[in-house]
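Q: What follows is the file structure21.csv, containing CSV, C-alpha atoms and all ligand atoms:
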```
chain,number,residue,atom,x,y,z
A,18,MET,CA,105.4,70.7,91.7
A,19,SER,CA,104.6,72.6,88.6
A,20,LYS,CA,105.8,69.7,86.4
A,21,HIS,CA,103.0,67.6,88.0
A,22,ARG,CA,100.3,70.2,87.2
A,23,GLY,CA,98.3,67.8,85.1
A,24,ASP,CA,98.0,65.3,87.9
A,25,PHE,CA,96.2,67.4,90.4
A,26,LYS,CA,92.8,69.0,90.6
A,27,THR,CA,92.3,72.7,90.9
A,28,ASP,CA,91.8,72.8,94.7
A,29,THR,CA,95.1,71.0,95.2
A,30,LEU,CA,96.9,73.3,92.7
A,31,CYS,CA,95.7,76.4,94.6
A,32,ILE,CA,97.5,75.1,97.7
A,33,HIS,CA,100.6,73.5,96.2
A,34,ALA,CA,101.4,74.6,92.6
A,35,GLY,CA,104.6,76.5,92.1
A,36,GLN,CA,105.8,75.8,95.7
A,37,ALA,CA,108.6,73.2,95.8
A,38,PRO,CA,109.5,72.0,99.3
A,39,ASP,CA,112.3,74.1,100.9
A,40,PRO,CA,115.5,71.9,100.5
A,41,GLU,CA,117.4,73.7,103.2
A,42,PHE,CA,115.1,74.1,106.3
A,43,GLY,CA,111.9,72.3,105.2
A,44,ALA,CA,109.8,75.5,105.5
A,45,VAL,CA,106.2,74.6,104.5
A,46,ALA,CA,105.3,78.3,103.7
A,47,ALA,CA,107.1,79.9,100.8
A,48,PRO,CA,110.2,81.9,101.8
A,49,ILE,CA,110.2,85.6,101.0
A,50,TYR,CA,113.3,86.4,98.9
A,51,GLN,CA,113.2,90.1,99.9
A,52,THR,CA,116.3,91.1,97.9
A,53,SER,CA,116.7,93.5,95.0
A,54,THR,CA,119.7,91.8,93.5
A,55,PHE,CA,121.4,88.3,93.4
A,56,ALA,CA,125.2,87.7,93.7
A,57,PHE,CA,127.0,85.6,91.0
A,58,ALA,CA,129.6,83.0,92.0
A,59,SER,CA,131.9,84.3,89.2
A,60,THR,CA,132.1,86.8,86.3
A,61,GLU,CA,131.6,83.8,84.1
A,62,GLN,CA,128.3,82.9,85.8
A,63,GLY,CA,127.1,86.5,85.7
A,64,ALA,CA,127.8,86.6,81.9
A,65,ALA,CA,126.0,83.3,81.4
A,66,ARG,CA,122.9,84.5,83.2
A,67,PHE,CA,122.8,87.8,81.3
A,68,ALA,CA,123.2,85.8,78.0
A,69,GLY,CA,120.3,83.6,79.0
A,70,LYS,CA,122.6,80.5,78.9
A,71,GLU,CA,122.2,79.7,82.6
A,72,ALA,CA,119.0,79.7,84.6
A,73,GLY,CA,119.1,81.8,87.8
A,74,TYR,CA,118.3,85.2,89.1
A,75,ILE,CA,120.0,88.5,88.3
A,76,TYR,CA,117.9,91.4,89.7
A,77,THR,CA,114.3,91.4,91.1
A,78,ARG,CA,112.7,93.6,88.3
A,79,LEU,CA,113.8,90.8,85.9
A,80,GLY,CA,112.6,87.9,88.2
A,81,ASN,CA,112.5,86.8,91.8
A,82,PRO,CA,112.0,83.3,93.3
A,83,THR,CA,109.0,84.3,95.5
A,84,THR,CA,107.3,86.0,92.6
A,85,LYS,CA,108.1,83.0,90.4
A,86,MET,CA,106.3,80.7,92.8
A,87,LEU,CA,103.1,82.8,92.4
A,88,GLU,CA,103.6,82.9,88.6
A,89,ASP,CA,103.9,79.1,88.5
A,90,ASN,CA,100.9,78.7,90.7
A,91,ILE,CA,98.5,80.8,88.6
A,92,ALA,CA,100.0,79.4,85.4
A,93,ALA,CA,99.0,76.0,86.6
A,94,LEU,CA,95.5,77.1,87.7
A,95,GLU,CA,94.9,78.8,84.3
A,96,GLU,CA,96.6,75.9,82.4
A,97,GLY,CA,99.1,78.2,80.7
A,98,VAL,CA,102.8,77.7,79.9
A,99,ALA,CA,104.0,80.6,82.0
A,100,ALA,CA,102.8,83.8,83.8
A,101,LEU,CA,104.1,87.2,84.7
A,102,ALA,CA,103.1,88.9,88.0
A,103,THR,CA,102.6,92.6,87.9
A,104,ALA,CA,102.4,95.5,90.4
A,105,THR,CA,98.7,96.0,89.8
A,106,GLY,CA,96.0,94.7,87.6
A,107,MET,CA,96.3,97.8,85.4
A,108,ALA,CA,100.0,97.1,85.0
A,109,ALA,CA,99.0,93.7,83.5
A,110,VAL,CA,96.5,95.3,81.1
A,111,SER,CA,98.7,98.2,80.0
A,112,THR,CA,101.8,96.0,79.6
A,113,CYS,CA,99.8,93.7,77.2
A,114,TYR,CA,98.5,96.7,75.2
A,115,PHE,CA,102.0,98.2,75.1
A,116,ALA,CA,103.6,94.9,74.1
A,117,LEU,CA,101.1,93.9,71.4
A,118,LEU,CA,99.9,97.1,69.8
A,119,GLY,CA,101.5,99.6,67.5
A,120,LYS,CA,100.8,102.6,65.3
A,121,GLY,CA,98.0,101.9,62.9
A,122,ASP,CA,96.6,99.0,64.8
A,123,HIS,CA,92.9,98.6,65.8
A,124,VAL,CA,91.4,96.9,68.9
A,125,VAL,CA,87.9,95.5,69.4
A,126,ALA,CA,87.0,95.4,73.1
A,127,SER,CA,84.1,94.9,75.4
A,128,SER,CA,82.2,98.1,75.8
A,129,ALA,CA,81.4,97.6,79.5
A,130,MET,CA,84.9,96.7,80.4
A,131,TYR,CA,86.8,97.8,83.5
A,132,GLY,CA,86.8,101.6,83.3
A,133,PRO,CA,90.6,102.3,83.2
A,134,SER,CA,91.2,99.4,80.8
A,135,ARG,CA,88.9,101.3,78.3
A,136,ILE,CA,90.1,104.8,79.2
A,137,ILE,CA,93.8,104.1,78.4
A,138,LEU,CA,92.8,102.8,75.0
A,139,GLU,CA,90.6,105.8,74.3
A,140,ARG,CA,92.9,108.5,75.7
A,141,ASP,CA,96.5,107.2,75.7
A,142,PHE,CA,96.7,104.6,73.0
A,143,ALA,CA,94.7,106.8,70.7
A,144,ARG,CA,97.6,109.4,71.1
A,145,PHE,CA,100.0,106.7,69.8
A,146,GLY,CA,97.9,106.0,66.7
A,147,VAL,CA,96.0,102.9,68.0
A,148,ALA,CA,92.2,103.0,67.3
A,149,SER,CA,89.6,101.1,69.3
A,150,SER,CA,86.0,100.0,68.9
A,151,PHE,CA,83.9,99.1,71.9
A,152,VAL,CA,81.0,96.7,71.4
A,153,ASP,CA,79.0,94.3,73.5
A,154,THR,CA,81.2,91.3,72.9
A,155,GLY,CA,78.3,89.2,74.2
A,156,ASP,CA,76.8,89.8,70.8
A,157,PHE,CA,79.1,87.9,68.4
A,158,GLU,CA,77.6,89.7,65.4
A,159,ALA,CA,78.7,93.0,66.9
A,160,VAL,CA,82.2,91.7,67.2
A,161,LYS,CA,82.3,90.7,63.6
A,162,SER,CA,80.8,94.0,62.3
A,163,ALA,CA,83.3,96.1,64.4
A,164,TRP,CA,86.2,94.2,62.8
A,165,GLN,CA,88.6,96.1,60.5
A,166,PRO,CA,91.5,94.9,58.3
A,167,ASN,CA,94.0,96.3,60.8
A,168,THR,CA,92.3,94.7,63.9
A,169,LYS,CA,95.1,93.1,65.9
A,170,LEU,CA,93.5,92.4,69.2
A,171,LEU,CA,90.2,91.3,70.6
A,172,TYR,CA,90.1,92.2,74.3
A,173,VAL,CA,87.2,90.6,76.3
A,174,GLU,CA,85.9,90.7,79.8
A,175,THR,CA,83.3,88.0,80.5
A,176,PRO,CA,81.1,88.5,82.4
A,177,THR,CA,81.5,92.3,81.8
A,178,ASN,CA,81.8,94.8,84.6
A,179,PRO,CA,79.2,95.6,85.8
A,180,THR,CA,76.6,94.6,83.2
A,181,LEU,CA,77.5,90.9,83.4
A,182,SER,CA,77.1,90.2,79.7
A,183,ILE,CA,78.6,86.8,78.7
A,184,THR,CA,80.9,86.5,75.7
A,185,ASP,CA,81.4,83.2,73.7
A,186,LEU,CA,85.2,82.8,74.0
A,187,ALA,CA,85.4,79.8,71.6
A,188,ALA,CA,83.6,81.7,68.9
A,189,CYS,CA,85.7,84.9,69.5
A,190,SER,CA,89.0,83.0,69.6
A,191,ALA,CA,88.2,81.2,66.3
A,192,TRP,CA,87.2,84.4,64.7
A,193,ALA,CA,90.3,86.4,65.9
A,194,HIS,CA,92.7,83.6,64.9
A,195,SER,CA,91.1,83.3,61.4
A,196,LYS,CA,91.9,87.0,61.0
A,197,GLY,CA,95.5,86.8,62.4
A,198,ALA,CA,94.6,88.6,65.6
A,199,LEU,CA,95.0,87.7,69.3
A,200,LEU,CA,92.4,87.2,72.0
A,201,ILE,CA,93.0,88.5,75.5
A,202,VAL,CA,90.6,87.7,78.3
A,203,ASP,CA,90.4,89.6,81.6
A,204,ASN,CA,89.3,86.7,83.9
A,205,THR,CA,89.2,88.8,87.1
A,206,PHE,CA,85.4,88.4,87.6
A,207,LEU,CA,85.3,84.6,87.7
A,208,SER,CA,88.9,83.5,88.6
A,209,PRO,CA,90.4,80.3,87.3
A,210,ILE,CA,88.1,78.3,89.6
A,211,LEU,CA,85.0,79.2,87.5
A,212,GLN,CA,86.5,79.9,84.0
A,213,LYS,CA,89.7,78.9,82.2
A,214,PRO,CA,89.8,81.0,79.0
A,215,LEU,CA,92.9,79.4,77.6
A,216,ARG,CA,90.9,76.2,77.2
A,217,HIS,CA,88.5,78.2,75.0
A,218,GLY,CA,91.2,79.4,72.7
A,219,ALA,CA,92.4,82.7,74.4
A,220,ASP,CA,96.0,83.5,73.8
A,221,ILE,CA,96.5,85.5,77.0
A,222,VAL,CA,94.4,85.6,80.2
A,223,LEU,CA,95.0,88.3,82.8
A,224,HIS,CA,93.8,89.1,86.3
A,225,SER,CA,93.6,91.9,88.8
A,226,VAL,CA,94.8,89.6,91.6
A,227,THR,CA,93.6,92.3,93.9
A,228,LYS,CA,90.2,90.7,93.6
A,229,PHE,CA,89.4,87.0,94.0
A,230,ILE,CA,92.9,85.5,93.7
A,231,ASN,CA,94.3,87.4,96.7
A,232,GLY,CA,90.8,87.8,98.1
A,233,HIS,CA,91.4,89.7,101.4
A,234,ALA,CA,91.3,93.3,100.3
A,235,ASP,CA,94.8,93.9,101.5
A,236,VAL,CA,97.0,93.7,98.3
A,237,VAL,CA,96.9,95.2,94.8
A,238,GLY,CA,98.5,93.2,92.0
A,239,GLY,CA,98.0,91.6,88.6
A,240,ILE,CA,99.1,88.6,86.6
A,241,ILE,CA,99.3,87.7,82.9
A,242,VAL,CA,99.1,84.0,81.8
A,243,PHE,CA,100.2,82.7,78.4
A,244,LYS,CA,99.1,79.9,76.2
A,245,GLU,CA,102.4,80.0,74.3
A,246,GLU,CA,106.1,80.5,75.1
A,247,ASN,CA,106.7,83.1,72.3
A,248,LEU,CA,104.1,85.5,73.5
A,249,PHE,CA,105.3,85.1,77.0
A,250,LYS,CA,108.9,86.0,76.0
A,251,LYS,CA,107.7,89.0,74.0
A,252,VAL,CA,105.5,90.4,76.9
A,253,ARG,CA,108.2,89.6,79.5
A,254,SER,CA,110.7,91.7,77.7
A,255,VAL,CA,108.4,94.7,77.7
A,256,LEU,CA,107.3,94.2,81.3
A,257,THR,CA,110.8,94.0,82.7
A,258,HIS,CA,111.8,97.2,80.8
A,259,LEU,CA,108.6,99.1,81.6
A,260,GLY,CA,109.0,98.1,85.2
A,261,GLY,CA,105.5,97.2,86.3
A,262,THR,CA,106.7,94.0,88.0
A,263,MET,CA,105.5,92.6,91.3
A,264,ASP,CA,107.4,92.9,94.6
A,265,PRO,CA,108.4,89.6,96.4
A,266,HIS,CA,106.5,90.5,99.6
A,267,GLN,CA,103.4,91.4,97.6
A,268,ALA,CA,103.8,88.0,95.8
A,269,TRP,CA,104.1,86.2,99.1
A,270,LEU,CA,100.8,87.8,100.4
A,271,VAL,CA,99.0,86.7,97.2
A,272,LEU,CA,100.4,83.2,97.5
A,273,ARG,CA,98.9,83.1,101.0
A,274,GLY,CA,95.6,84.3,99.6
A,275,VAL,CA,95.4,81.9,96.7
A,276,LYS,CA,95.6,78.8,98.9
A,277,THR,CA,91.9,79.4,99.9
A,278,LEU,CA,90.8,80.6,96.5
A,279,ALA,CA,88.6,77.6,95.6
A,280,LEU,CA,87.0,77.6,99.1
A,281,ARG,CA,86.3,81.3,99.0
A,282,VAL,CA,84.9,81.3,95.5
A,283,ARG,CA,82.5,78.5,96.3
A,284,ALA,CA,81.3,80.0,99.6
A,285,SER,CA,80.7,83.5,98.1
A,286,GLN,CA,79.0,82.0,95.1
A,287,GLU,CA,76.6,80.1,97.3
A,288,ASN,CA,75.7,83.4,99.1
A,289,ALA,CA,75.4,85.2,95.8
A,290,ARG,CA,72.8,82.7,94.5
A,291,LEU,CA,70.7,83.3,97.6
A,292,ALA,CA,71.1,87.1,97.4
A,293,ALA,CA,70.2,87.1,93.7
A,294,GLU,CA,67.0,85.2,94.4
A,295,LEU,CA,66.1,87.6,97.2
A,296,LEU,CA,66.7,90.6,95.0
A,297,ALA,CA,64.7,89.1,92.1
A,298,SER,CA,61.7,88.5,94.3
A,299,HIS,CA,61.7,91.9,96.2
A,300,PRO,CA,59.2,94.6,95.1
A,301,ALA,CA,61.8,97.4,95.6
A,302,VAL,CA,64.0,96.0,92.9
A,303,GLU,CA,63.5,97.0,89.2
A,304,TRP,CA,65.7,94.3,87.7
A,305,VAL,CA,68.6,92.0,88.7
A,306,LYS,CA,71.4,90.7,86.5
A,307,TYR,CA,73.2,87.5,87.6
A,308,PRO,CA,74.4,84.7,85.4
A,309,GLY,CA,72.6,82.2,87.6
A,310,LEU,CA,69.3,83.8,86.8
A,311,GLU,CA,69.8,83.8,83.0
A,312,LYS,CA,66.6,82.7,81.1
A,313,ASP,CA,67.8,82.9,77.5
A,314,PRO,CA,68.4,79.3,76.3
A,315,ALA,CA,71.4,80.1,74.1
A,316,LYS,CA,73.1,82.1,76.9
A,317,LYS,CA,72.3,79.4,79.4
A,318,ALA,CA,73.9,76.8,77.2
A,319,LEU,CA,77.0,79.1,76.8
A,320,ILE,CA,77.2,79.6,80.5
A,321,ALA,CA,77.1,75.8,81.0
A,322,ARG,CA,79.8,75.3,78.4
A,323,GLN,CA,82.2,78.0,79.5
A,324,MET,CA,81.7,78.6,83.2
A,325,ALA,CA,81.8,76.2,86.2
A,326,GLY,CA,79.4,78.5,88.1
A,327,PRO,CA,77.7,81.9,88.0
A,328,GLY,CA,80.2,83.6,90.3
A,329,SER,CA,79.4,86.1,93.1
A,330,LEU,CA,78.9,89.4,91.3
A,331,ILE,CA,75.3,90.8,91.0
A,332,SER,CA,74.1,94.0,89.4
A,333,PHE,CA,70.7,95.4,90.1
A,334,GLU,CA,68.7,98.6,89.8
A,335,LEU,CA,66.2,99.8,92.5
A,336,LYS,CA,62.9,101.3,91.7
A,337,GLY,CA,63.4,105.0,92.2
A,338,GLY,CA,66.8,105.0,90.4
A,339,VAL,CA,69.7,107.0,91.8
A,340,GLU,CA,67.9,108.4,94.9
A,341,ALA,CA,66.7,104.9,96.0
A,342,GLY,CA,70.2,103.6,95.3
A,343,ARG,CA,71.8,106.3,97.5
A,344,LYS,CA,69.4,105.6,100.3
A,345,PHE,CA,70.0,101.8,100.1
A,346,LEU,CA,73.8,102.2,100.0
A,347,ASP,CA,74.0,104.8,102.8
A,348,GLY,CA,71.7,102.7,105.0
A,349,THR,CA,73.7,99.5,105.0
A,350,SER,CA,76.2,98.6,107.8
A,351,LEU,CA,77.4,95.0,107.1
A,352,LEU,CA,77.8,95.7,103.4
A,353,ALA,CA,80.8,98.0,102.9
A,354,LEU,CA,80.3,100.8,100.5
A,355,ALA,CA,83.5,100.3,98.5
A,356,VAL,CA,84.8,99.7,95.0
A,357,SER,CA,86.7,96.5,94.3
A,358,LEU,CA,85.3,93.0,94.5
A,359,GLY,CA,86.2,89.4,95.1
A,360,GLY,CA,87.1,89.7,98.7
A,361,VAL,CA,85.8,87.8,101.7
A,362,GLU,CA,83.7,90.8,102.7
A,363,THR,CA,80.6,91.8,100.8
A,364,LEU,CA,81.0,95.2,99.0
A,365,VAL,CA,78.5,97.4,97.3
A,366,GLN,CA,79.2,100.2,94.8
A,367,HIS,CA,77.6,102.6,92.4
A,368,PRO,CA,79.4,102.4,89.0
A,369,ALA,CA,78.0,105.7,87.6
A,370,SER,CA,79.5,107.8,90.4
A,371,MET,CA,82.5,105.5,91.2
A,372,THR,CA,84.3,103.0,89.0
A,373,HIS,CA,82.8,104.2,85.7
A,374,ALA,CA,82.6,107.9,86.5
A,375,GLY,CA,85.5,108.5,84.1
A,376,MET,CA,83.4,107.5,81.1
A,377,SER,CA,81.0,110.0,79.5
A,378,ARG,CA,77.3,109.5,80.5
A,379,GLU,CA,76.6,108.8,76.9
A,380,SER,CA,79.1,105.9,76.5
A,381,ARG,CA,78.2,104.7,80.0
A,382,LEU,CA,74.5,104.4,79.0
A,383,ALA,CA,75.5,102.9,75.6
A,384,ALA,CA,77.5,100.2,77.5
A,385,GLY,CA,74.4,99.4,79.6
A,386,ILE,CA,75.5,101.1,82.8
A,387,SER,CA,72.4,103.0,83.9
A,388,ASP,CA,72.5,105.8,86.5
A,389,GLY,CA,70.8,103.7,89.2
A,390,LEU,CA,72.8,100.4,88.7
A,391,VAL,CA,74.2,99.0,91.9
A,392,ARG,CA,76.9,96.3,91.9
A,393,LEU,CA,77.1,93.8,94.7
A,394,SER,CA,80.2,91.7,95.3
A,395,VAL,CA,79.0,89.0,97.6
A,396,GLY,CA,81.5,87.8,100.2
A,397,CYS,CA,81.8,84.9,102.6
A,398,GLU,CA,79.8,86.1,105.6
A,399,ASP,CA,77.1,83.8,107.1
A,400,LYS,CA,74.2,83.7,104.7
A,401,ASP,CA,71.6,84.5,107.3
A,402,ASP,CA,73.4,87.7,108.4
A,403,LEU,CA,73.9,88.7,104.8
A,404,LEU,CA,70.3,88.1,103.6
A,405,LYS,CA,68.9,89.8,106.7
A,406,GLU,CA,71.0,92.9,106.0
A,407,LEU,CA,69.9,92.9,102.3
A,408,LYS,CA,66.3,92.4,103.1
A,409,GLU,CA,66.2,95.1,105.7
A,410,GLY,CA,67.9,97.6,103.3
A,411,LEU,CA,65.3,96.8,100.6
A,412,ASP,CA,62.3,96.9,103.0
A,413,ARG,CA,63.3,100.4,104.1
A,414,LEU,CA,62.8,101.7,100.6
A,415,ALA,CA,59.1,100.5,100.4
B,1,LIG,C1,90.2,95.9,89.4
B,1,LIG,C2,90.2,95.4,88.0
B,1,LIG,C3,91.2,95.7,87.1
B,1,LIG,C4,92.4,96.6,87.5
B,1,LIG,O1,93.1,96.0,88.6
B,1,LIG,P1,93.9,96.8,89.7
B,1,LIG,O2,94.5,95.8,90.5
B,1,LIG,O3,93.0,97.7,90.4
B,1,LIG,O4,95.0,97.7,89.0
B,1,LIG,C5,91.2,95.2,85.8
B,1,LIG,N1,90.1,94.5,85.4
B,1,LIG,C6,89.1,94.2,86.2
B,1,LIG,C7,87.9,93.4,85.6
B,1,LIG,C8,89.0,94.6,87.5
B,1,LIG,O5,88.0,94.4,88.3
```
Could you take the file, read its structure, and then write that structure out as C-alpha cells?
Ligand SMILES: *Cc1c(COP(=O)(O)O)cnc(C)c1O

A:
Amino acid sequence: MSKHRGDFKTDTLCIHAGQAPDPEFGAVAAPIYQTSTFAFASTEQGAARFAGKEAGYIYTRLGNPTTKMLEDNIAALEEGVAALATATGMAAVSTCYFALLGKGDHVVASSAMYGPSRIILERDFARFGVASSFVDTGDFEAVKSAWQPNTKLLYVETPTNPTLSITDLAACSAWAHSKGALLIVDNTFLSPILQKPLRHGADIVLHSVTKFINGHADVVGGIIVFKEENLFKKVRSVLTHLGGTMDPHQAWLVLRGVKTLALRVRASQENARLAAELLASHPAVEWVKYPGLEKDPAKKALIARQMAGPGSLISFELKGGVEAGRKFLDGTSLLALAVSLGGVETLVQHPASMTHAGMSRESRLAAGISDGLVRLSVGCEDKDDLLKELKEGLDRLA
C-alpha cells in the first residue's frame, strides 16, 4: 500500500496507508503483533538481521510490524520517507532534541510552544550546554534577529499553543537551510489533514498522536516523520537506544483512530467556525483568537497558502479575567474541563493554571498567554448542543 501513496487522496490514505492485506487469513483489521522478540530461522539469519543485511524483525524496541503499519500510515499522510512512532509526544520531541543537539549548539524556538517542549530546553538541555532563544516565530524578523552563528535548529509550532500565532514555514525553512540548520515542525494542532509541513521545507514533522491523530482521548503516543532517509536513520538509532518507542498494542489503537482522522478534523472544524463566531459576537468576551477570524491580509494569505483550514482550536479571554474564566469553566457540563485537545469531545482548559503553569508568569505573559486566556478544543458533538452550552455559559457571566 505504501508504495502507492502518491496515487491516493488523503482520506483514502488515512484508512489504507501502511496496511497491506493479511496474506494468511485475510484479516481486514491490522493484526497486533504483541511480542517482545522475534525468532530467527537460523544463526545465519540472526546475524544477517543484526548486520542490517536482511530485512526483518529482531526485538520490539527496535521495530515491530504493527508499529511499522502506523509509521507507514503517518509517513504517507505527511508525505515523508519514513516515520518513527514513540511512546508519547514528548518522547518524539525529546528524542529529536537528543539526536540533533550537542554541547555548544543553539536553538531558536516558538515562545508559546507546548509547555514541556520548552521546559526541557530551558532546564535540561541548558545543563548539557545547549542554549535556546524563544521568540514569536510568527514574526519572521524576530526569528532572524534571534539567530546565532551556532544555531543548529529552528523548532516551530504553528499555530502556537495556545496563542495561535501562525509561522511562515517556507520562509523559515529557506532561512534555516541557508544557515546550515534544520527545521522541525510540531504539527499536532492541525494534523496532516490541514497542514503538511514537509511540503513547505521542514526536515522533520512531529506529532503528539494523543491529540487529533488518535482522536479518542484514550491513548498517549507520538510520531516523528522525516523528509530524508539520513535523518531518519540518525534519529532511529537514538530512539531505539533511548527506548522511547511505541508499544504494538498502542500502535494498533492509534491505527484504529487514524482511519477517521479526516472525518473528525472536518467535523470539529465546522463546529469551531461556528463557536468562534459566537464567541466573537458575545458581549462577555474580551477577545477571540482563531485562524478563521484572521483580519490581517498578510496573515490571511499565509493561512491560505500553508493551511487547508483553520482547525478546531480557539483561544479567548472573558471580560473580568481569571474570575470570569473560573466561573465559566466551573459552570459548564457538556464541555469537559481537561487539558489535551483534538479528541471527539470538546475540552476547555486554562493554560495559566494548567498546561503552562510550569513557566514563570513573566515568560508566560511575554509569550502572549494572559492570566485569563481560555483554550477551547472543539469536538464533534452536534453543533446545536455545543453552541447552546457555550451561549448559556457566556450569558451567565452577564
Ligand atoms: C500534547 C502535546 C505534546 C506532548 O505530547 P504527549 O503525547 O502529551 O507527550 C507536544 N506538542 C503539542 C503541541 C501538544 O499538544

Q: Please tabulate, as CSV, the residues of chain A that come within 9 Å of ligand LIG 1 (chain B), each with its closest pair of atoms and the distance in Å to one decimal, counting only C-alpha atoms and all ligand atoms and ordering rows by chain, then residue number upward.

A:
```
residue,atom,partner,partner_atom,distance
A:Ala104,CA,B:LIG1,O4,7.8
A:Thr105,CA,B:LIG1,O4,4.1
A:Gly106,CA,B:LIG1,O1,3.3
A:Met107,CA,B:LIG1,O4,3.8
A:Ala108,CA,B:LIG1,O4,6.4
A:Ala109,CA,B:LIG1,O4,7.9
A:Val110,CA,B:LIG1,C5,7.1
A:Met130,CA,B:LIG1,C7,6.9
A:Tyr131,CA,B:LIG1,C7,5.0
A:Gly132,CA,B:LIG1,N1,8.1
A:Pro133,CA,B:LIG1,C4,7.4
A:Ser134,CA,B:LIG1,C5,6.5
A:Glu174,CA,B:LIG1,C7,6.7
A:Thr175,CA,B:LIG1,C7,8.7
A:Pro176,CA,B:LIG1,C7,9.0
A:Thr177,CA,B:LIG1,C7,7.5
A:Asn178,CA,B:LIG1,C7,6.3
A:Pro179,CA,B:LIG1,C7,9.0
A:Asp203,CA,B:LIG1,C7,6.1
A:Asn204,CA,B:LIG1,C7,7.1
A:Thr205,CA,B:LIG1,C7,5.0
A:Phe206,CA,B:LIG1,C7,5.9
A:Leu223,CA,B:LIG1,N1,8.3
A:His224,CA,B:LIG1,N1,6.6
A:Ser225,CA,B:LIG1,O1,4.1
A:Val226,CA,B:LIG1,O2,6.3
A:Thr227,CA,B:LIG1,O2,5.0
A:Lys228,CA,B:LIG1,C1,6.7
A:Val236,CA,B:LIG1,O2,8.5
A:Val237,CA,B:LIG1,O2,5.0
A:Gly238,CA,B:LIG1,O2,5.0
A:Gly239,CA,B:LIG1,O2,5.8
A:Val356,CA,B:LIG1,C1,8.7
A:Ser357,CA,B:LIG1,C1,6.1
A:Leu358,CA,B:LIG1,O5,6.9
A:Gly359,CA,B:LIG1,O5,8.6
```

Q: Pick from A:Ser350, A:Ser59, A:Asn231, A:Asn90: nearest to Gly35 in chain A, with only C-alpha atoms counted?

A: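 For Gly35 in chain A, the nearest of the candidates is A:Asn90.
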
Q: Find the residues around range 154-160 of chain A up to 8 Å (all atoms listed in the file counted), leave out those fewer than 4 positions away in its own chain, and share them as a ChimeraX atom specification.

A: /A:125-128,164,173,182-185,188-189

Q: Name the residues within 12 Å of (108.3, 93.0, 78.3), counting only C-alpha atoms in the file's coordinates, and put them as a PyMOL selection string.

A: chain A and resi 78-80+101-103+108-109+111-117+241+247-262

Q: Quick one: everything within 8 Å of Ala293 in chain A, counting all atoms listed in the file, minus sequence neighbours fewer than 4 positions away in the same chain. Send it as JSON, numbers by chain.

A: {"A": [289, 297, 305, 307, 310, 331]}

Q: With only C-alpha atoms as the counted atoms, please give the residues lying no more than 10 Å from Pro166 in chain A, apart from itself and same-chain residues fewer than 4 positions off, as a PyMOL selection string.

A: chain A and resi 122-123+196-197

Q: Those same residues, written as a PDB file, in the coordinates of the input with C-alpha atoms?

A:
```pdb
ATOM      1  CA  ASP A 122      96.600  99.000  64.800  1.00  0.00           C
ATOM      2  CA  HIS A 123      92.900  98.600  65.800  1.00  0.00           C
ATOM      3  CA  LYS A 196      91.900  87.000  61.000  1.00  0.00           C
ATOM      4  CA  GLY A 197      95.500  86.800  62.400  1.00  0.00           C
TER       5      GLY A 197
END
```

Q: For a test of reading the model, state the distance in Å between CA of Ser53 in chain A and CA of Ala268 in chain A, rounded to one decimal.

A: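 CA of Ala268 in chain A lies at a distance of 14.0 Å from CA of Ser53 in chain A.
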
Q: Looking at A:Asp153, A:Asp235, A:Glu96, A:Glu245, which one is nearest to Pro214 in chain A, with distances taken over all atoms listed in the file?

A: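 For Pro214 in chain A, the nearest of the candidates is A:Glu96.
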
Q: Set the distance at 7 Å and use all atoms listed in the file: which residues neighbour range 340-348 of chain A once local chain neighbours fewer than 3 positions away are removed? I'd like the list as number ranges by chain.

A: A: 335-337, 354, 389, 391, 410-411, 414

Q: Set the distance at 6 Å and use only C-alpha atoms: which residues neighbour range 280-287 of chain A once local chain neighbours fewer than 3 positions away are removed? I'd like the list as a PyMOL selection string.

A: chain A and resi 277+290+328-329+395-397

Q: In Å to one decimal, how far is CA of Gln51 in chain A from CA of Asn81 in chain A?

A: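 CA of Asn81 in chain A sits 8.8 Å away from CA of Gln51 in chain A.
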
Q: How many Å separate CA of Ala292 in chain A from CA of Phe333 in chain A?

A: 11.1 Å

Q: Quick one: of A:Val202, A:Ile210, A:Lys70, A:His33, who's nearest to Met324 in chain A, counting all atoms listed in the file?

A: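 Ranking A:Val202, A:Ile210, A:Lys70, A:His33 by distance to Met324 in chain A, first place goes to A:Ile210.
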